[in-house]
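S.K.: Below you'll find the structure I mean.
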Amino acid sequence: MSTFGMPLAASPPTRERVRRGLAGAVVTALAATLLAVVPTTTAQAAPVLLSQGKPVTASSQEHYGTPAADAVDGNLGTRWSSAASDGQWLQVDLGSSASLSQVVLRWEGAYARAYRIELSTDGANWSTAYSTTTGAGGTETLAISGTARYVRMQGVTRATGYGYSLWEFQVYGGGDSGPVLPGGGDLGPNVHVIDPSTPNIQGKLDQVFQQQESAQFGSGRHAFLFKPGTYNNLNAQIGFYTQIAGLGLRPGDTTINGDVTVDAGWFNGNATQNFWRGAEGLTLNPVNGTNRWAVSQASSFRRMHVKGGLNLAPNGYGWASGGYIADSKVDGQIGNYSQQQWYTRDSAIDGWSNSVWNQTFSGVEGAPATSFPEPRYTTLDTTPISREKPYLYLDGNEYKVFAPAKRVNARGTSWANGTPQGESVPLSRFYVVKPGATAATINQALAQGLHLLFTPGVYHVDQTINVNRANTIVLGLGLATIIPDNGVTAMKVADVDGVRLAGFLIDAGPVNSPTLLELGPQNSGADHAANPTTVQDVYIRIGGAGAGKATTSMVVNSDDTIIDHTWVWRADHGEGWGWETNRADYGVRVNGDDVLATGLFVEHFNKYDVEWYGERGRTIFYQNEKAYDAPNQAAIQNGSTKGYAAYRVDDSVNTHEAWGLGSYCNYNVDPTIVQDHGFKAPVKPGVKFHSLLVVSLGGMGHYNHVINDTGASTIPAGTSTVPSTVVSFP
């Protein structure tokens with residue numbers, strides 16, 4: 001959102017894939033032990049499992065239920081199997097060369113009588129590290145030596161009439177290659193751990209707020225973590241890149257008799273630029289009965305219990321533009337006031353005051369009923385699938401990260417009945433990333449089997465962070481920021497189960513990156529319905545803090561991914577922005593099937609903001625602004641179409657559904673620009689949209705239609721900022 005405010009007002013190809021359909025596979029205790037990491041710094045450390053979750057290819061596949069990826073997923077209930085002929089192979093890419101010491105083959109009944117283990121540094125030239133003509137099947141543990149990036153099982157002769165079939169293909173190494181990175185440790189200088197006996201708590205809060213109140217594009221990053229207990233007479237004002245959170249397992253463990261406040265005094269009462277901050281895991285007793293939380297994008301309010309009301313507008317009821325509440329309870333009414341759009345998920349509230357443009361709820365007890373287009377409420381009784389963001393907490397004196405369980409058709413908070421369901425992971429199993437850490441070190445930690453906890457700071461990476469292991473947690477504190485150098489992709493996630501990304505910002509570098517975040521490689525096809533990857537409070541920025549470029553910001557290739565609150569933003573103010581200066585053609589591209597977005601904010605891209613190619617995609621709440629800085633009509637011409645849709649579902653898609661979508665234009669460089677429509681979708685029975693609107697901000701550009709050729713033009717509204725709405729499509 002920009003400084004412009006509002007007066008108050010009530011191509012890739014299509015993929016056809018068959019889903020694997022396996023359910024209930026059990027990971028054995030043996031597989032679980034493979035993930036355990038013993039923090040040690042001796043040079044003769046035990047070999048590390050290097051292959052799990054890494055990219056894998058095969059010469060063939062027996063059927064859709066036995067893909068190559070299942071041989072490196074750590075699950076002894078899934079497998080790869082080949083075609084029924086000799087000479088088949090399975091190959092894993094470790095990501096970088098490593099010193100290797102062992103290969104373990106866990107055969108299914110169809111095993112190899114004769115085979116070779118082959119190594120390569122380039123994927124083209126191979127050497128034999130082991131060979132046999134008397135393979136016995138079962139579990140074979142093979143001692144090997146060599147340095148390689150690629151490792152291949154080359155079958156020669158089958159032992160049965162079937163193909164080759166492996167439950168797991170495990171490659172170990174690194175045992176004699178130097179120190180192993182330790183897990184755990186302190187949280188660094190910008191994590192402020194507070195307990196009730198800490199002196200001058202208010203002074204510490206005020207000091208950081210003075211630094212961060214208007215530091216919209218500064219480098220400061222802070223997290224205030226309050227130990228369980230009661231804190232009196234506090235007003236925690238939260239500025240840019242500041243997180244405040246309780247260290248209890250439940251919100252009721254940490255109580256502040258006072259306020260956690262966001263206001264807009266720094267910007268003359270305009271809250272449309274109150275970005276990049278968050279509050280989590282606290283109970284509040286507001287001093288005057290109502291807590292003020294006047295934010296716009298990239299500001300989350302999670303696992304909060306407000307024993308009173310919540311005011312979402314700044315002092316003076318100036319402009320505000322969008323936010324997000326999840327897994328929270330507000331005993332009083334939420335005063336929406338000047339908030340133009342908002343999404344609330346899986347919470348309990350006592351009421352909501354007004355609608356402005358687009359207020360969307362799913363799984364919220366006490367939410368107003370759907371009444372779109374007036375009042376502009378869109379309400380789903382439950383959220384189809386949700387899994388709350390992981391968070392740091394104290395178990396006695398030990399830090400752990402709690403990873404909440406998945407919920408289906410969720411309604412209300414996850415903690416309403418006491419202890420939430422999920423898994424606790426000790427901090428000793430995390431590499432605590434601190435400023436100065438390199439991408440090579442971060443990847444080494446991941447290869448060892450450690451999770452990542454980014455402490456508050458700014459991290460330049462000269463190579464991609466590769467998250468290849470199933471169930472890996474990557475958690476940021478204090479809006480930790482990752483900047484890719486030299487045009488690399490900041491982070492890639494393999495097509496594996498249960499990865500959780502949460503709480504960090506990716507900021508594009510000055511050299512164009514083809515992508516900034518990739519979830520699954522191209523043509524991913526594994527079924528993750530039982531254990532999806534989640535992306536929560538992960539924000540992407542191109543420009544603003546300096547020139548940045550990226551062709552496509554986020555690409556979702558893995559099936560069943562949940563995107564739960566993201567702001568993907570091409571800057572319209574700050575430094576290093578302009579039509580070509582921070583060129584970024586595409587915001588989010590979804591290729592995976594069964595992807596769910598809950599709270600999707602994507603703005604200002606040069607072409608399409610969101611493109612959806614996967615089947616059975618769903619979006620609950622979408623907020624968009626088209627690029628303000630388009631120089632003229634020709635700059636956004638899309639063939640014979642005027643402008644690029646804010647949200648486009650590809651013509652190949654047969655099933656898609658979305659609720660509560662808004663697109664706004666403010667073509668302030670050339671106000672004569674006209675968009676043919678805000679949304680584009682195929683007209684098919686399985687493609688459905690509910691509660692859509694487009695708005696011209698003060699007459700700065702216009703839309704001819706809302707979706708396709710449906711919905712009235714905004715031109716008759718002139719400068720009045722009255723939305724054009726469509727209740728349902730088709």
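Residue numbering restarts at 1 for every chain of the structure tokens, chains are lettered A, B, ... in their displayed order, and ligands are numbered from 1 as they appear.
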Show me a table, sorted first by chain and then by increasing residue number, of the residues of region 451-543 of chain A having an atom at most 7 Å from region 417-432 of chain A, each with its shortest atom pair and the distance in Å to one decimal, counting only C-alpha atoms and written as JSON lines.
M.R.:
```
{"residue": "A:His451", "atom": "CA", "partner": "A:Phe430", "partner_atom": "CA", "distance": 4.4}
{"residue": "A:Leu452", "atom": "CA", "partner": "A:Tyr431", "partner_atom": "CA", "distance": 5.0}
{"residue": "A:Leu453", "atom": "CA", "partner": "A:Val432", "partner_atom": "CA", "distance": 4.9}
{"residue": "A:Phe454", "atom": "CA", "partner": "A:Val432", "partner_atom": "CA", "distance": 6.1}
{"residue": "A:Thr455", "atom": "CA", "partner": "A:Val432", "partner_atom": "CA", "distance": 6.9}
```
S.K.: Between region 580-673 of chain A and region 535-556 of chain A, at 6 Å or less, what are the per-residue closest atom pairs and their distances in Å? Count only C-alpha atoms, order by chain and rising residue number, and return it as a Markdown table.
M.R.:
```
| residue | atom | partner | partner_atom | distance |
| --- | --- | --- | --- | --- |
| A:Asn582 | CA | A:Lys549 | CA | 5.0 |
| A:Arg583 | CA | A:Lys549 | CA | 5.3 |
| A:Ala584 | CA | A:Thr551 | CA | 5.0 |
| A:Asp585 | CA | A:Thr551 | CA | 5.4 |
| A:Tyr586 | CA | A:Thr552 | CA | 4.6 |
| A:Gly587 | CA | A:Ser553 | CA | 5.1 |
| A:Val588 | CA | A:Met554 | CA | 4.8 |
| A:Arg589 | CA | A:Val555 | CA | 4.9 |
| A:Val590 | CA | A:Val556 | CA | 4.7 |
| A:Asn591 | CA | A:Val556 | CA | 5.8 |
```
S.K.: Pull all heavy atoms from the residues just selected and write them as a PDB file, in the first residue's frame.
M.R.:
```
ATOM      1  N   ASN A 582      12.917  -1.648 -10.325  1.00  0.00           N
ATOM      2  CA  ASN A 582      12.637  -2.861  -9.551  1.00  0.00           C
ATOM      3  C   ASN A 582      11.681  -3.747 -10.343  1.00  0.00           C
ATOM      4  O   ASN A 582      10.633  -4.166  -9.858  1.00  0.00           O
ATOM      5  CB  ASN A 582      12.094  -2.537  -8.156  1.00  0.00           C
ATOM      6  CG  ASN A 582      10.753  -1.818  -8.171  1.00  0.00           C
ATOM      7  OD1 ASN A 582      10.435  -1.084  -9.100  1.00  0.00           O
ATOM      8  ND2 ASN A 582       9.963  -2.020  -7.128  1.00  0.00           N
ATOM      9  N   ARG A 583      12.099  -4.053 -11.549  1.00  0.00           N
ATOM     10  CA  ARG A 583      11.292  -4.872 -12.449  1.00  0.00           C
ATOM     11  C   ARG A 583      10.996  -6.233 -11.809  1.00  0.00           C
ATOM     12  O   ARG A 583      11.882  -6.923 -11.304  1.00  0.00           O
ATOM     13  CB  ARG A 583      12.036  -5.092 -13.765  1.00  0.00           C
ATOM     14  CG  ARG A 583      11.271  -5.873 -14.815  1.00  0.00           C
ATOM     15  CD  ARG A 583      10.302  -5.001 -15.566  1.00  0.00           C
ATOM     16  NE  ARG A 583       9.350  -5.766 -16.360  1.00  0.00           N
ATOM     17  CZ  ARG A 583       8.498  -5.211 -17.222  1.00  0.00           C
ATOM     18  NH1 ARG A 583       8.506  -3.894 -17.410  1.00  0.00           N
ATOM     19  NH2 ARG A 583       7.652  -5.948 -17.893  1.00  0.00           N
ATOM     20  N   ALA A 584       9.735  -6.604 -11.819  1.00  0.00           N
ATOM     21  CA  ALA A 584       9.300  -7.892 -11.270  1.00  0.00           C
ATOM     22  C   ALA A 584       7.991  -8.243 -11.968  1.00  0.00           C
ATOM     23  O   ALA A 584       6.942  -7.695 -11.635  1.00  0.00           O
ATOM     24  CB  ALA A 584       9.112  -7.808  -9.762  1.00  0.00           C
ATOM     25  N   ASP A 585       8.053  -9.130 -12.934  1.00  0.00           N
ATOM     26  CA  ASP A 585       6.886  -9.368 -13.790  1.00  0.00           C
ATOM     27  C   ASP A 585       5.767 -10.124 -13.086  1.00  0.00           C
ATOM     28  O   ASP A 585       4.592  -9.828 -13.293  1.00  0.00           O
ATOM     29  CB  ASP A 585       7.305 -10.136 -15.044  1.00  0.00           C
ATOM     30  CG  ASP A 585       8.002  -9.238 -16.064  1.00  0.00           C
ATOM     31  OD1 ASP A 585       7.993  -8.008 -15.877  1.00  0.00           O
ATOM     32  OD2 ASP A 585       8.566  -9.774 -17.027  1.00  0.00           O
ATOM     33  N   TYR A 586       6.112 -11.106 -12.259  1.00  0.00           N
ATOM     34  CA  TYR A 586       5.094 -11.995 -11.695  1.00  0.00           C
ATOM     35  C   TYR A 586       5.282 -12.118 -10.181  1.00  0.00           C
ATOM     36  O   TYR A 586       6.399 -12.259  -9.683  1.00  0.00           O
ATOM     37  CB  TYR A 586       5.180 -13.380 -12.334  1.00  0.00           C
ATOM     38  CG  TYR A 586       5.154 -13.335 -13.842  1.00  0.00           C
ATOM     39  CD1 TYR A 586       6.322 -13.531 -14.576  1.00  0.00           C
ATOM     40  CD2 TYR A 586       3.970 -13.062 -14.531  1.00  0.00           C
ATOM     41  CE1 TYR A 586       6.306 -13.470 -15.966  1.00  0.00           C
ATOM     42  CE2 TYR A 586       3.939 -13.004 -15.919  1.00  0.00           C
ATOM     43  CZ  TYR A 586       5.115 -13.199 -16.628  1.00  0.00           C
ATOM     44  OH  TYR A 586       5.096 -13.129 -18.001  1.00  0.00           O
ATOM     45  N   GLY A 587       4.170 -12.102  -9.456  1.00  0.00           N
ATOM     46  CA  GLY A 587       4.230 -12.219  -8.008  1.00  0.00           C
ATOM     47  C   GLY A 587       4.256 -13.656  -7.538  1.00  0.00           C
ATOM     48  O   GLY A 587       5.274 -14.157  -7.066  1.00  0.00           O
ATOM     49  N   VAL A 588       3.123 -14.353  -7.669  1.00  0.00           N
ATOM     50  CA  VAL A 588       2.995 -15.738  -7.204  1.00  0.00           C
ATOM     51  C   VAL A 588       2.488 -16.584  -8.359  1.00  0.00           C
ATOM     52  O   VAL A 588       1.496 -16.233  -9.008  1.00  0.00           O
ATOM     53  CB  VAL A 588       2.027 -15.839  -6.008  1.00  0.00           C
ATOM     54  CG1 VAL A 588       1.817 -17.294  -5.603  1.00  0.00           C
ATOM     55  CG2 VAL A 588       2.546 -15.023  -4.826  1.00  0.00           C
ATOM     56  N   ARG A 589       3.166 -17.702  -8.604  1.00  0.00           N
ATOM     57  CA  ARG A 589       2.721 -18.654  -9.630  1.00  0.00           C
ATOM     58  C   ARG A 589       2.523 -20.007  -8.964  1.00  0.00           C
ATOM     59  O   ARG A 589       3.439 -20.546  -8.336  1.00  0.00           O
ATOM     60  CB  ARG A 589       3.751 -18.761 -10.758  1.00  0.00           C
ATOM     61  CG  ARG A 589       3.372 -19.786 -11.831  1.00  0.00           C
ATOM     62  CD  ARG A 589       4.347 -19.747 -12.987  1.00  0.00           C
ATOM     63  NE  ARG A 589       4.148 -18.539 -13.777  1.00  0.00           N
ATOM     64  CZ  ARG A 589       5.075 -18.010 -14.576  1.00  0.00           C
ATOM     65  NH1 ARG A 589       6.261 -18.569 -14.654  1.00  0.00           N
ATOM     66  NH2 ARG A 589       4.805 -16.930 -15.283  1.00  0.00           N
ATOM     67  N   VAL A 590       1.328 -20.555  -9.091  1.00  0.00           N
ATOM     68  CA  VAL A 590       0.985 -21.827  -8.457  1.00  0.00           C
ATOM     69  C   VAL A 590       0.831 -22.889  -9.545  1.00  0.00           C
ATOM     70  O   VAL A 590      -0.088 -22.828 -10.360  1.00  0.00           O
ATOM     71  CB  VAL A 590      -0.312 -21.713  -7.634  1.00  0.00           C
ATOM     72  CG1 VAL A 590      -0.660 -23.062  -7.004  1.00  0.00           C
ATOM     73  CG2 VAL A 590      -0.181 -20.641  -6.560  1.00  0.00           C
ATOM     74  N   ASN A 591       1.726 -23.868  -9.524  1.00  0.00           N
ATOM     75  CA  ASN A 591       1.658 -25.005 -10.440  1.00  0.00           C
ATOM     76  C   ASN A 591       1.158 -26.267  -9.754  1.00  0.00           C
ATOM     77  O   ASN A 591       0.661 -27.180 -10.417  1.00  0.00           O
ATOM     78  CB  ASN A 591       3.041 -25.286 -11.036  1.00  0.00           C
ATOM     79  CG  ASN A 591       3.584 -24.109 -11.816  1.00  0.00           C
ATOM     80  OD1 ASN A 591       2.857 -23.446 -12.529  1.00  0.00           O
ATOM     81  ND2 ASN A 591       4.877 -23.831 -11.667  1.00  0.00           N
TER      82      ASN A 591
END
```
S.K.: Please determine, counting only C-alpha atoms, which residue among A:Ala271, A:Val48, A:Leu394, A:Val488 has the shortest atom-to-atom distance to Lys227 (chain A).
M.R.: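 Among the listed residues, the smallest separation from Lys227 (chain A) belongs to A:Leu394.
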S.K.: Residues at most 8 Å from Gln623 (chain A), counting only C-alpha atoms, excluding those fewer than 5 positions away in the same chain, as a PDB file with C-alpha atoms, in the first residue's frame?
M.R.:
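Just written: selection.pdb:
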```pdb
ATOM      1  CA  GLN A 341      -9.774  -4.990   3.994  1.00  0.00           C
ATOM      2  CA  LEU A 600      -2.950 -13.811   0.169  1.00  0.00           C
ATOM      3  CA  PHE A 601      -1.649 -10.266  -0.347  1.00  0.00           C
ATOM      4  CA  VAL A 602       0.171  -9.623  -3.665  1.00  0.00           C
ATOM      5  CA  GLU A 603       0.783  -6.161  -5.090  1.00  0.00           C
ATOM      6  CA  LEU A 661     -11.046 -10.980  -3.504  1.00  0.00           C
ATOM      7  CA  GLY A 662     -10.261  -7.326  -4.163  1.00  0.00           C
ATOM      8  CA  SER A 663      -8.096  -5.495  -6.681  1.00  0.00           C
TER       9      SER A 663
END
```
S.K.: Please identify all polymer residues within 8 Å of region 404-410 of chain A, counting only C-alpha atoms, omitting same-chain residues fewer than 4 positions from it, and present them as a VMD selection string.
M.R.: chain A and resid 346 363 382 to 390 420 to 423 531
S.K.: Can those selected residues be exported to a file as a compact mmCIF listing (two decimals), in the first residue's frame so that it contains all heavy atoms?
M.R.:
```
# COMPACT_ATOMS: atom_id res chain seq x y z
N ASP A 346 -9.90 -18.74 12.05
CA ASP A 346 -9.88 -19.69 13.17
C ASP A 346 -9.71 -18.97 14.51
O ASP A 346 -8.75 -19.19 15.25
CB ASP A 346 -8.75 -20.72 12.98
CG ASP A 346 -8.93 -21.54 11.71
OD1 ASP A 346 -10.00 -21.45 11.10
OD2 ASP A 346 -7.99 -22.27 11.33
N GLY A 363 -13.77 -19.85 9.76
CA GLY A 363 -13.61 -20.53 11.03
C GLY A 363 -13.62 -19.62 12.23
O GLY A 363 -12.97 -19.91 13.24
N THR A 382 -16.03 -22.66 8.41
CA THR A 382 -14.79 -23.30 8.84
C THR A 382 -13.69 -22.99 7.84
O THR A 382 -13.96 -22.54 6.72
CB THR A 382 -14.94 -24.83 8.94
OG1 THR A 382 -15.27 -25.36 7.65
CG2 THR A 382 -16.03 -25.23 9.93
N THR A 383 -12.46 -23.24 8.23
CA THR A 383 -11.32 -23.19 7.32
C THR A 383 -11.03 -24.62 6.88
O THR A 383 -10.84 -25.49 7.73
CB THR A 383 -10.09 -22.58 8.01
OG1 THR A 383 -10.42 -21.29 8.51
CG2 THR A 383 -8.93 -22.48 7.04
N PRO A 384 -10.98 -24.89 5.57
CA PRO A 384 -10.89 -26.28 5.11
C PRO A 384 -9.71 -27.04 5.70
O PRO A 384 -9.85 -28.16 6.18
CB PRO A 384 -10.76 -26.15 3.59
CG PRO A 384 -11.32 -24.81 3.26
CD PRO A 384 -11.08 -23.94 4.44
N ILE A 385 -8.54 -26.42 5.67
CA ILE A 385 -7.33 -27.03 6.23
C ILE A 385 -6.51 -25.90 6.85
O ILE A 385 -6.34 -24.84 6.23
CB ILE A 385 -6.48 -27.73 5.15
CG1 ILE A 385 -7.30 -28.77 4.38
CG2 ILE A 385 -5.25 -28.40 5.77
CD1 ILE A 385 -6.61 -29.28 3.13
N SER A 386 -6.02 -26.11 8.04
CA SER A 386 -5.13 -25.11 8.65
C SER A 386 -4.15 -25.81 9.58
O SER A 386 -4.41 -26.89 10.10
CB SER A 386 -5.92 -24.04 9.40
OG SER A 386 -6.66 -24.60 10.46
N ARG A 387 -3.02 -25.18 9.72
CA ARG A 387 -2.02 -25.64 10.68
C ARG A 387 -1.29 -24.40 11.15
O ARG A 387 -0.71 -23.67 10.34
CB ARG A 387 -1.05 -26.64 10.04
CG ARG A 387 -0.12 -27.30 11.04
CD ARG A 387 0.68 -28.44 10.44
NE ARG A 387 1.60 -27.97 9.43
CZ ARG A 387 2.30 -28.77 8.63
NH1 ARG A 387 2.14 -30.08 8.71
NH2 ARG A 387 3.13 -28.27 7.74
N GLU A 388 -1.33 -24.13 12.43
CA GLU A 388 -0.82 -22.86 12.93
C GLU A 388 0.69 -22.77 12.80
O GLU A 388 1.40 -23.77 12.70
CB GLU A 388 -1.25 -22.65 14.39
CG GLU A 388 -2.74 -22.62 14.61
CD GLU A 388 -3.46 -21.57 13.76
OE1 GLU A 388 -2.85 -20.54 13.45
OE2 GLU A 388 -4.63 -21.80 13.42
N LYS A 389 1.16 -21.56 12.82
CA LYS A 389 2.58 -21.25 12.68
C LYS A 389 3.38 -21.83 13.85
O LYS A 389 2.95 -21.76 15.00
CB LYS A 389 2.73 -19.72 12.65
CG LYS A 389 4.14 -19.19 12.63
CD LYS A 389 4.12 -17.67 12.70
CE LYS A 389 5.52 -17.10 12.84
NZ LYS A 389 5.49 -15.63 13.00
N PRO A 390 4.55 -22.41 13.60
CA PRO A 390 5.40 -22.86 14.70
C PRO A 390 5.91 -21.68 15.52
O PRO A 390 6.03 -20.55 15.01
CB PRO A 390 6.55 -23.59 13.99
CG PRO A 390 6.55 -23.06 12.60
CD PRO A 390 5.13 -22.69 12.28
N PRO A 420 -2.62 -27.01 23.09
CA PRO A 420 -2.84 -27.29 21.67
C PRO A 420 -2.17 -28.60 21.27
O PRO A 420 -1.25 -29.08 21.92
CB PRO A 420 -2.18 -26.10 20.97
CG PRO A 420 -1.18 -25.59 21.96
CD PRO A 420 -1.75 -25.84 23.31
N GLN A 421 -2.66 -29.18 20.18
CA GLN A 421 -2.11 -30.43 19.68
C GLN A 421 -0.94 -30.13 18.76
O GLN A 421 -0.96 -29.19 17.98
CB GLN A 421 -3.19 -31.21 18.92
CG GLN A 421 -4.39 -31.59 19.76
CD GLN A 421 -4.02 -32.52 20.89
OE1 GLN A 421 -3.43 -33.58 20.67
NE2 GLN A 421 -4.34 -32.12 22.11
N GLY A 422 0.11 -30.94 18.85
CA GLY A 422 1.26 -30.76 17.99
C GLY A 422 2.49 -31.43 18.57
O GLY A 422 2.41 -32.27 19.47
N GLU A 423 3.64 -31.04 18.06
CA GLU A 423 4.91 -31.66 18.42
C GLU A 423 5.88 -30.59 18.91
O GLU A 423 5.96 -29.49 18.35
CB GLU A 423 5.52 -32.37 17.20
CG GLU A 423 6.89 -32.96 17.43
CD GLU A 423 7.57 -33.42 16.15
OE1 GLU A 423 7.02 -33.16 15.06
OE2 GLU A 423 8.64 -34.04 16.25
N ASN A 531 0.39 -34.32 5.19
CA ASN A 531 1.41 -33.53 5.88
C ASN A 531 1.93 -32.45 4.93
O ASN A 531 3.01 -32.58 4.37
CB ASN A 531 2.55 -34.45 6.35
CG ASN A 531 3.56 -33.74 7.22
OD1 ASN A 531 3.34 -32.63 7.69
ND2 ASN A 531 4.70 -34.39 7.44
```
S.K.: Can you pull out the residues contacting Thr254 (chain A)? Cut-off 9 Å, using only C-alpha atoms, and skip same-chain residues under 5 positions away; I want them as a ChimeraX atom specification.
M.R.: /A:226-231,245-248,281-284
S.K.: Using N, CA and C atoms, can you write the selected residues to a file as a PDB file, in the first residue's frame?
M.R.:
```
ATOM      1  N   PHE A 226       8.615 -12.631  25.985  1.00  0.00           N
ATOM      2  CA  PHE A 226       8.235 -12.515  27.390  1.00  0.00           C
ATOM      3  C   PHE A 226       8.038 -13.916  27.992  1.00  0.00           C
ATOM      4  N   LYS A 227       8.819 -14.207  29.021  1.00  0.00           N
ATOM      5  CA  LYS A 227       8.663 -15.481  29.712  1.00  0.00           C
ATOM      6  C   LYS A 227       7.289 -15.555  30.378  1.00  0.00           C
ATOM      7  N   PRO A 228       6.787 -16.761  30.616  1.00  0.00           N
ATOM      8  CA  PRO A 228       5.498 -16.883  31.301  1.00  0.00           C
ATOM      9  C   PRO A 228       5.496 -16.108  32.612  1.00  0.00           C
ATOM     10  N   GLY A 229       4.370 -15.462  32.861  1.00  0.00           N
ATOM     11  CA  GLY A 229       4.225 -14.647  34.053  1.00  0.00           C
ATOM     12  C   GLY A 229       3.279 -13.496  33.790  1.00  0.00           C
ATOM     13  N   THR A 230       3.198 -12.576  34.734  1.00  0.00           N
ATOM     14  CA  THR A 230       2.304 -11.424  34.634  1.00  0.00           C
ATOM     15  C   THR A 230       3.134 -10.149  34.644  1.00  0.00           C
ATOM     16  N   TYR A 231       2.792  -9.242  33.742  1.00  0.00           N
ATOM     17  CA  TYR A 231       3.515  -7.979  33.581  1.00  0.00           C
ATOM     18  C   TYR A 231       2.505  -6.842  33.691  1.00  0.00           C
ATOM     19  N   ALA A 245       6.256 -11.481  21.572  1.00  0.00           N
ATOM     20  CA  ALA A 245       5.643 -12.805  21.715  1.00  0.00           C
ATOM     21  C   ALA A 245       5.801 -13.297  23.141  1.00  0.00           C
ATOM     22  N   GLY A 246       4.844 -14.105  23.558  1.00  0.00           N
ATOM     23  CA  GLY A 246       4.959 -14.798  24.827  1.00  0.00           C
ATOM     24  C   GLY A 246       5.701 -16.105  24.644  1.00  0.00           C
ATOM     25  N   LEU A 247       6.420 -16.515  25.667  1.00  0.00           N
ATOM     26  CA  LEU A 247       7.184 -17.763  25.615  1.00  0.00           C
ATOM     27  C   LEU A 247       6.453 -18.909  26.303  1.00  0.00           C
ATOM     28  N   GLY A 248       5.160 -18.772  26.481  1.00  0.00           N
ATOM     29  CA  GLY A 248       4.366 -19.872  27.000  1.00  0.00           C
ATOM     30  C   GLY A 248       3.847 -20.747  25.880  1.00  0.00           C
ATOM     31  N   GLY A 281       1.000 -14.953  20.965  1.00  0.00           N
ATOM     32  CA  GLY A 281       1.081 -15.749  22.176  1.00  0.00           C
ATOM     33  C   GLY A 281       0.996 -14.994  23.482  1.00  0.00           C
ATOM     34  N   LEU A 282       0.142 -13.960  23.544  1.00  0.00           N
ATOM     35  CA  LEU A 282       0.009 -13.159  24.755  1.00  0.00           C
ATOM     36  C   LEU A 282      -1.453 -13.001  25.140  1.00  0.00           C
ATOM     37  N   THR A 283      -1.698 -12.800  26.426  1.00  0.00           N
ATOM     38  CA  THR A 283      -2.997 -12.344  26.909  1.00  0.00           C
ATOM     39  C   THR A 283      -2.853 -10.881  27.308  1.00  0.00           C
ATOM     40  N   LEU A 284      -3.787 -10.042  26.831  1.00  0.00           N
ATOM     41  CA  LEU A 284      -3.752  -8.611  27.110  1.00  0.00           C
ATOM     42  C   LEU A 284      -4.981  -8.196  27.906  1.00  0.00           C
TER      43      LEU A 284
END
```
S.K.: Which residues in region 340-525 of chain A does DSSP call helix (DSSP H, G or I)? List them as number ranges by chain.
M.R.: A: 427-429, 439-448
S.K.: Write out as a short mmCIF file (atom, residue, chain, number, x, y, z; two decimals) with N, CA and C atoms, in the first residue's frame which residues come within 6 Å of region 690-696 of chain A when counting only C-alpha atoms, dropping same-chain ones fewer than 5 positions away.
M.R.:
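part-v9.cif was written with the following content:
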```
data_model
loop_
_atom_site.label_atom_id
_atom_site.label_comp_id
_atom_site.auth_asym_id
_atom_site.auth_seq_id
_atom_site.Cartn_x
_atom_site.Cartn_y
_atom_site.Cartn_z
N TRP A 659 -12.72 -16.98 -2.48
CA TRP A 659 -13.68 -16.16 -1.75
C TRP A 659 -13.00 -14.86 -1.30
N GLY A 660 -13.71 -13.75 -1.38
CA GLY A 660 -13.26 -12.50 -0.80
C GLY A 660 -12.02 -11.93 -1.47
N LEU A 661 -12.18 -11.47 -2.73
CA LEU A 661 -11.05 -10.98 -3.50
C LEU A 661 -11.25 -9.52 -3.88
N GLY A 662 -10.19 -8.73 -3.78
CA GLY A 662 -10.26 -7.33 -4.16
C GLY A 662 -9.02 -6.90 -4.91
N SER A 663 -9.22 -6.08 -5.95
CA SER A 663 -8.10 -5.50 -6.68
C SER A 663 -8.35 -4.01 -6.83
N TYR A 664 -7.32 -3.21 -6.60
CA TYR A 664 -7.45 -1.76 -6.62
C TYR A 664 -6.42 -1.18 -7.58
N CYS A 665 -6.78 -0.13 -8.30
CA CYS A 665 -5.81 0.52 -9.17
C CYS A 665 -5.62 1.97 -8.75
N HIS A 702 -8.82 2.98 -14.25
CA HIS A 702 -10.13 2.34 -14.06
C HIS A 702 -10.11 0.90 -14.57
N VAL A 706 -15.08 -6.52 -13.61
CA VAL A 706 -14.51 -7.14 -12.41
C VAL A 706 -13.77 -8.42 -12.79
N THR A 721 -14.25 6.34 -5.40
CA THR A 721 -13.74 5.10 -4.81
C THR A 721 -14.85 4.15 -4.38
N PRO A 723 -16.60 0.74 -4.95
CA PRO A 723 -16.23 -0.49 -5.64
C PRO A 723 -17.29 -0.96 -6.63
N SER A 724 -16.82 -1.68 -7.64
CA SER A 724 -17.70 -2.48 -8.49
C SER A 724 -17.61 -3.91 -8.00
N THR A 725 -18.74 -4.55 -7.78
CA THR A 725 -18.75 -5.86 -7.11
C THR A 725 -19.42 -6.92 -7.97
N VAL A 726 -19.00 -8.16 -7.73
CA VAL A 726 -19.65 -9.35 -8.29
C VAL A 726 -19.82 -10.34 -7.14
N VAL A 727 -21.05 -10.75 -6.89
CA VAL A 727 -21.32 -11.64 -5.76
C VAL A 727 -20.81 -13.04 -6.03
N SER A 728 -21.03 -13.54 -7.24
CA SER A 728 -20.55 -14.88 -7.57
C SER A 728 -20.29 -14.98 -9.06
#
```
S.K.: For the strand (DSSP E or B) assignment from backbone DSSP, which residues of region 370-507 of chain A qualify? Please present them as a PyMOL selection string.
M.R.: chain A and resi 377-380+383-387+391-395+398-404+406-410+422-426+430-433+451-454+458-461+465-467+473-484+491-493+500-507
